[in-house]
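Q: There's a structure below that I have some questions on.
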Amino acid sequence: MDQIYRIEVIPRPGEVPDDYLLGDIAALGIAGVQRVERSELYFLRGDLAEAQLAQLCGELLADPVVQTARWGRADAPIPTPAGAVRVEVGLRQGVTDSVASNLLARVKLLGLDGLAAAASAQSYLLHGRLDEEQVHLIARRLLHNEVIQHYRLGQLDSHVGEEPRAAAARLTQVPLSQMDEATLLRTSRERLLSLDLAEMRAIQGYFAREGREPTDVELESLAQTWSEHCVHKTFKGIVEYTETTPQGVTTERIDSLIKTYLAAATREIEAPWVLSAFVDNAGIVEFTPDFEVSFKVETHNHPSALEPFGGANTGVGGVVRDIMGVSARPIANTDILCFGPLDLPLEQVPSGVLHPRRIYNGVVGGVEDYGNKMGIPTVNGAILFEPGYTANPLVYCGCVGIAPRGRHRRHARPGDLVVVLGGRTGRDGLHGATFSSIELTDETGEVSGGAVQIGNPITEKMVLDAILVARDEGLYDAITDCGAGGLSSAVSEMGEETGVTVHLERVPLKYHGLQPWEIWLSEAQERMVLGVPPEHEARLRRICEGYSVEMTVIGAFRDDGRLLLWYEDQVVADLSMAFLHGGIPRRQLKAAWTAPAPAPDPAASFSGAELGQLLLRILAHPNIRSKEDVVRRYDHEVQGGTVIKPFIGPSSAGPSDAAVLKPLEVPDSWLGLALGCGFNPAYGAIDPYAMAISAIDEAVRNVVAVGADPAQISILDNFCWGNPLLPDRMGGLVRACKGCYDGARQYGTPFISGKDSLNNEYTDRATGQQVAIPPSLLISAMGLVPDVRRACTMDLKASGDILYLLGETRRELAGSYYHRVAGLSGGAVPGMAEAGPATARALHRAIASGLVRACHDCSEGGLALAAAEMALAGGLGAEIALDRLPELPADALLFSESNGRYLVEVAPEQAAAFEALLAGLPCARLGRVTAAAELVVKQGATLFALPVAQLERAWRGHLEVQP
Amino acid sequence: MNQPRVMILHAPGTNRDREAALACEVAGGAPEIVHINQLIGGERELAAYQMLVLPGGFSYGDDLGAGRLWANDLYHRFRQALDAFVGAGKPVMGICNGFQALVKAGYLPGPAPRQRVTLTFNRRGHFECRWVRLRATKGRCLFTQGLDEDILCPVAHGEGRLAVPDAAARQTLWAEGLIAIRYVAPEREADAANLAATVPVRPEAGYPANPNGAVDDIAGLCNAAGNVLGLMPHPEDHLYAYQHPRWTRGERGGLGLPLFVNGVRAARAFA
């Protein structure tokens, strides 16, 4: 007789790890909690004897050394200790529960046949004086997320093994032909299609010509294929651009931002080593004659706003699949994260938005979980905190892959089978593609709950293992990942040239009851689609069985350019690929850029000692200070190729400019890969053009500083922006694209891939207030290091060495960290550094010749911060004199963030050779490295002298500011 | 010289298989990464190999506890073959997740199948990746013989804290010479780059030298016979000078390779 059992696994006293929950509760302003006891809950449905339950607990659920288990019928009351409140949290139905599925699979091995279903959950005992409202607040803010979980004060009800609503599959016709404009728009809105009127009309016209109404499957397919996320209609649209400057007004018609600026730069640079740019799942460049490397950066902002762990987790999983989609093995991950301030007062958090601290914890945990579990080192990134990201956090996830050249195939042939590998399909992430194209409101969490997904990195790792074998045996003609838009996007892109038939009822499901359109659109994770010649099906199946990967043939590619979807014996979609992919009307956009009125440069006159204090404040700024507490949670060593690590110097705490990898795949070469990034939204708030110039300059500087050859750097653009239908947002976007073109041409760095995440705006329903994020452009750079044995780090190495500043310092303080910590604004943002490329080339020759002991780029915080970081990383002091620099006030020389600059350490015996290489370029001898661990800065007289220990304490967030 | 066959046992979710294989290859062995399904299906047989490595990673996602389900495999599917392998004195090494599995299946400190100690959540409550310094304890462990240099290599785990049920269990580990490798911190900062195994170390390594709070700074255990070694850190990630975290400062040494060289040497006796 079926019973539901409840098993609670409790840590033994003294075996509880440090718990951050207490701190989080205190941060909510609740003081009464003394301690929290957590335990794991398992609900089992089946017919199990007492001895079997004991065996299950002993062998699988509880660690005999540090945990105890208690079990009983689920409805038997569990006493709650006096002075404590019980809160229990379970997953909503249909949410992936990998613990439960592993448990079920395993129980068979133990010979316990009586178990029918399982679910996992958590129990919390909050000890202390709390009223009910406070408990609800803790549960809502910290213990559960209503998008995927439910909670209860007291014992959880269990509905183990009950499947989500199982309506019979049915096909709906949508009576489009009769609709007027208003009804078309309402239909788009109500079905979360995110299509505008012109697009709805184009669809109406198509079906009028076909002489019938669309099915729901067809309408959903079109909405997904035409979504901003999948088709980039803003970047491919026609833009009427107006620029207003003090010199006057100019107008311009731009035919596709991608074509005009990004792809144009790549085409004109004509780098012969670019193997694939903008056309595949990732950009691909030549590594050695036998190997190619690929790089892709994606964003997963909206999902991370709603479910931070799952959103970031599947963000990583998604970009890793992009790399698998170019038949490569992932060898490195990168992540750039933007949040609201962690100390934001609760009352300032907009309604429906999670607190930045909660988002931060979840996102970091999600990134950690996926990368670590897949065995991919996370080696580069950044974390920023700005009020503008409170409602719209940004989660950029990058992945680099390596593959033998010539093995990746990307053209399915008629007759090839459509094969799905990996995870099963559920209702996960429905409307993710269209959802990522809409603005968040305080109701979005409820409306779009289904858009969130939970990842399972181990499933993806297993799929990866199988795919690499299939690649090496040449078993497929085409491969792509299921990302946004699910099978709809993956399969119809693969079949664009050929046509394709899919039988939706063959797709393996997590549970019954999915409608045909839900199967087609589901964004369930960890799925790859392959085009497989029929003669290879059997061999591929054997490989998949060997790796325990589920493989299903769901259809075949055609030769007539039609998309034909069946559900059992019924055709549920019959579309022409030409219309699906080419029928979308070009978007017409208006863009306006008005140059802000020039703000006067505030001529501050700080004393030397005050400048020193400002440097400490910059070091301690949340965006600058050490991120070691986060970054050490990512495995940066797995795969054994991390030659230059995120942390360097004698105490392994210095912030590396970029990572250098020597891939395990290529043991007989010293060639390396440097990964860096440039990102500074503070400039974007003033002028997006300058932001783009600076981001490219910084990304290039980062990789050059560690030894990359400036002639072999490729870059990626990732735009996170507001609503492009608002002309001011769009105007900024045009400015940024112009900056991308100019910056890439200046350095000769081709774009190989790019992505945009638009509509990062939040509308508060109550106030009607609409807020966009700061315009945010991430430039990621990947450079080749000719010989990793010459790679360079930024920690000072030896006292007596000479310090040089390369590049030209100008008074460019707008948007600088100096202005931020000093409370100033105005002046000029950093512009293009004319000598930047020549300086990078000369510096590279010096590094490659072994003339450079240490090198650090000057970016946020300027020269002063670069010197401080080099000193604290190396545990040595430095004495620098500003007298040989241009005649500018000390604050500008120290803190200006002018582009194209590097601070370089050279041994005295190499100085002549170094200076000869830099001849004719801006290169100033600034001072020396000293054994006394003190940073001394002079301009004539000494401006300030700060112990390196104090710099380091500030950089770790312990600020000791003088009164 | 013969090249003993080394099985690198791949389970769903292990991910440091290739580095472990490389380490065994550089050490003179003939490694083969074998999927657990190949063992289950009888395509491969443990007895045909002279050495076994259980590599790092997240077998089965570490669901239900790190290494727990993999241990369950060892215990229920391969117990006979593994008991024979271990009983014959063939070298067996578990790294990180592999160590967790060997502990939870009872092979470490042994004898199987009773689990005597455990590896559980780090004191700090989260995953951590950092380089650590390891010192071998003099004893019977065949992998650590003749090490005159400490090993420098990364840890990368969230559940690596060795914990014992009681004082008696802890006493047994010491008394029976089952503690093979410990985290150490040089007494003097000046010795940080001096990797000689004679450098004086602090009585307690403390965080972060002991990154997880393991009792008695234990990083690795061996069985009483000395042919089974398990450790949380990753010696397979320090095979070359350019993996050293401070090689750009001219620091060298502390490779993890000797453990594999010793293992492969011992395996030769069975080839």
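By order in the structure tokens, chains are A, B, ...; within a chain, residues start at 1; ligands start at 1, following the order shown.
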Need to verify the contact set: Asn210 in chain B, 12 Å, only C-alpha atoms, exclusion of same-chain residues closer than 2 positions in sequence. Can you return it as a ChimeraX atom specification?

A: /B:122-124,128-135,154-155,160-162,181-185,202-208,212-219,232-233

Q: For chain B, work out the contacting residues on chain A at 7 Å, counting only C-alpha atoms, and write them as a list of chain:residue names.

A: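 Selected residues: A:Pro17, A:Asp18, A:Asp19, A:Leu60, A:Leu61, A:Val65, A:Val99, A:Lys373, A:Met374, A:Gly375, A:Ile458, A:Lys461, A:Met462, A:Gly546, A:Arg632, A:Arg633, A:Tyr634, A:Asp635, A:Val638, A:Gln639, A:Gly640, A:Thr642, A:Val643, A:Ile648, A:Gly649, A:Pro650, A:Cys792, A:Thr793, A:Lys797.
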
Q: Leaving out Arg925 in chain A and any residue of its chain fewer than 5 positions from it, which residues lie within 9 Å of it when counting only C-alpha atoms, given as a PyMOL selection string?

A: chain A and resi 802-806+880-881+884-885

Q: Grab the residues selected above and save them as an mmCIF file, in the first residue's frame with C-alpha atoms.

A:
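The result, written out as out-v1.cif:
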```cif
data_model
loop_
_atom_site.group_PDB
_atom_site.id
_atom_site.type_symbol
_atom_site.label_atom_id
_atom_site.label_comp_id
_atom_site.auth_asym_id
_atom_site.auth_seq_id
_atom_site.Cartn_x
_atom_site.Cartn_y
_atom_site.Cartn_z
ATOM 1 C CA ILE A 802 62.833 50.762 -12.716
ATOM 2 C CA LEU A 803 59.190 51.743 -13.197
ATOM 3 C CA TYR A 804 58.026 53.229 -16.498
ATOM 4 C CA LEU A 805 54.673 54.678 -17.426
ATOM 5 C CA LEU A 806 53.836 53.973 -21.069
ATOM 6 C CA ILE A 880 57.342 57.308 -8.081
ATOM 7 C CA ALA A 881 57.847 60.907 -9.120
ATOM 8 C CA ARG A 884 58.595 63.597 -15.781
ATOM 9 C CA LEU A 885 54.946 63.436 -16.803
#
```

Q: For Leu872 in chain A, which of A:Pro947, A:Gly836, A:Pro775, A:Gly46 is the closest residue, counting only C-alpha atoms?

A: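 Nearest candidate to Leu872 in chain A out of A:Pro947, A:Gly836, A:Pro775, A:Gly46: A:Pro947.
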
Q: How would you write, as number ranges by chain, the set of residues in range 38-210 of chain B that DSSP gives as helix (DSSP H, G or I)?

A: B: 38-40, 46-48, 59-62, 68-76, 79-87, 97-104, 142-144, 167-175, 189-191

Q: I'd like the contact shell of Ser98 in chain A - 12 Å cut-off, only C-alpha atoms, skipping same-chain residues fewer than 6 positions apart - returned as a compact mmCIF listing (two decimals) with C-alpha atoms, in the first residue's frame.

A:
```txt
# COMPACT_ATOMS: atom_id res chain seq x y z
CA LEU A 91 10.10 22.71 -4.99
CA LEU A 104 15.08 7.03 -7.49
CA ALA A 105 17.55 5.61 -9.98
CA ALA A 118 10.72 11.02 -4.39
CA ALA A 119 11.12 14.72 -3.72
CA SER A 120 13.73 16.73 -1.87
CA ALA A 121 13.12 19.76 0.36
CA GLY A 423 17.92 16.31 -20.93
CA ILE A 454 17.03 24.96 -13.26
CA GLY A 455 20.21 23.51 -14.63
CA ASN A 456 21.82 20.13 -14.23
CA PRO A 457 25.51 20.49 -15.07
CA ILE A 458 26.20 16.78 -14.79
CA THR A 459 23.74 16.02 -17.57
CA LYS A 510 9.80 14.90 -18.02
CA TYR B 60 26.44 12.15 -10.05
CA GLY B 61 26.48 15.86 -9.24
CA ASP B 62 27.42 15.03 -5.63
CA ASP B 63 23.69 14.65 -5.08
CA LEU B 64 23.09 13.08 -1.64
```

Q: What lies within 8 Å of range 246-249 of chain A using only C-alpha atoms, ignoring chain neighbours under 3 positions off, as a ChimeraX atom specification?

A: /A:242-243,595

Q: Identify, on the basis of only C-alpha atoms, every residue whose closest approach to Glu347 in chain A does not exceed 12 Å; exclude the query and any residue fewer than 6 positions from it along the same chain; express the result as JSON, numbers by chain.

A: {"A": [28, 29, 353, 354, 355]}

Q: Write a file of the just-selected residues containing N, CA and C atoms, as a tab-separated table (two decimals), in the first residue's frame.

A:
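In the end it all went to again-v4.tsv:
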```
chain	number	residue	atom	x	y	z
A	28	LEU	N	18.40	41.96	7.16
A	28	LEU	CA	16.99	42.30	6.94
A	28	LEU	C	16.46	43.21	8.05
A	29	GLY	N	17.28	43.44	9.07
A	29	GLY	CA	16.85	44.28	10.19
A	29	GLY	C	16.14	43.48	11.27
A	353	VAL	N	10.99	43.16	-6.66
A	353	VAL	CA	12.40	42.97	-6.99
A	353	VAL	C	13.09	42.34	-5.79
A	354	LEU	N	13.98	41.38	-6.04
A	354	LEU	CA	14.74	40.78	-4.95
A	354	LEU	C	15.84	41.74	-4.50
A	355	HIS	N	16.21	41.66	-3.23
A	355	HIS	CA	17.28	42.52	-2.70
A	355	HIS	C	18.60	42.17	-3.40
```

Q: Name the residues in contact with range 107-110 of chain B at a cut-off of 8 Å, using only C-alpha atoms, excluding same-chain residues fewer than 6 positions from it; report them as a PyMOL selection string.

A: chain B and resi 116-117+173+178+221-224+228-230
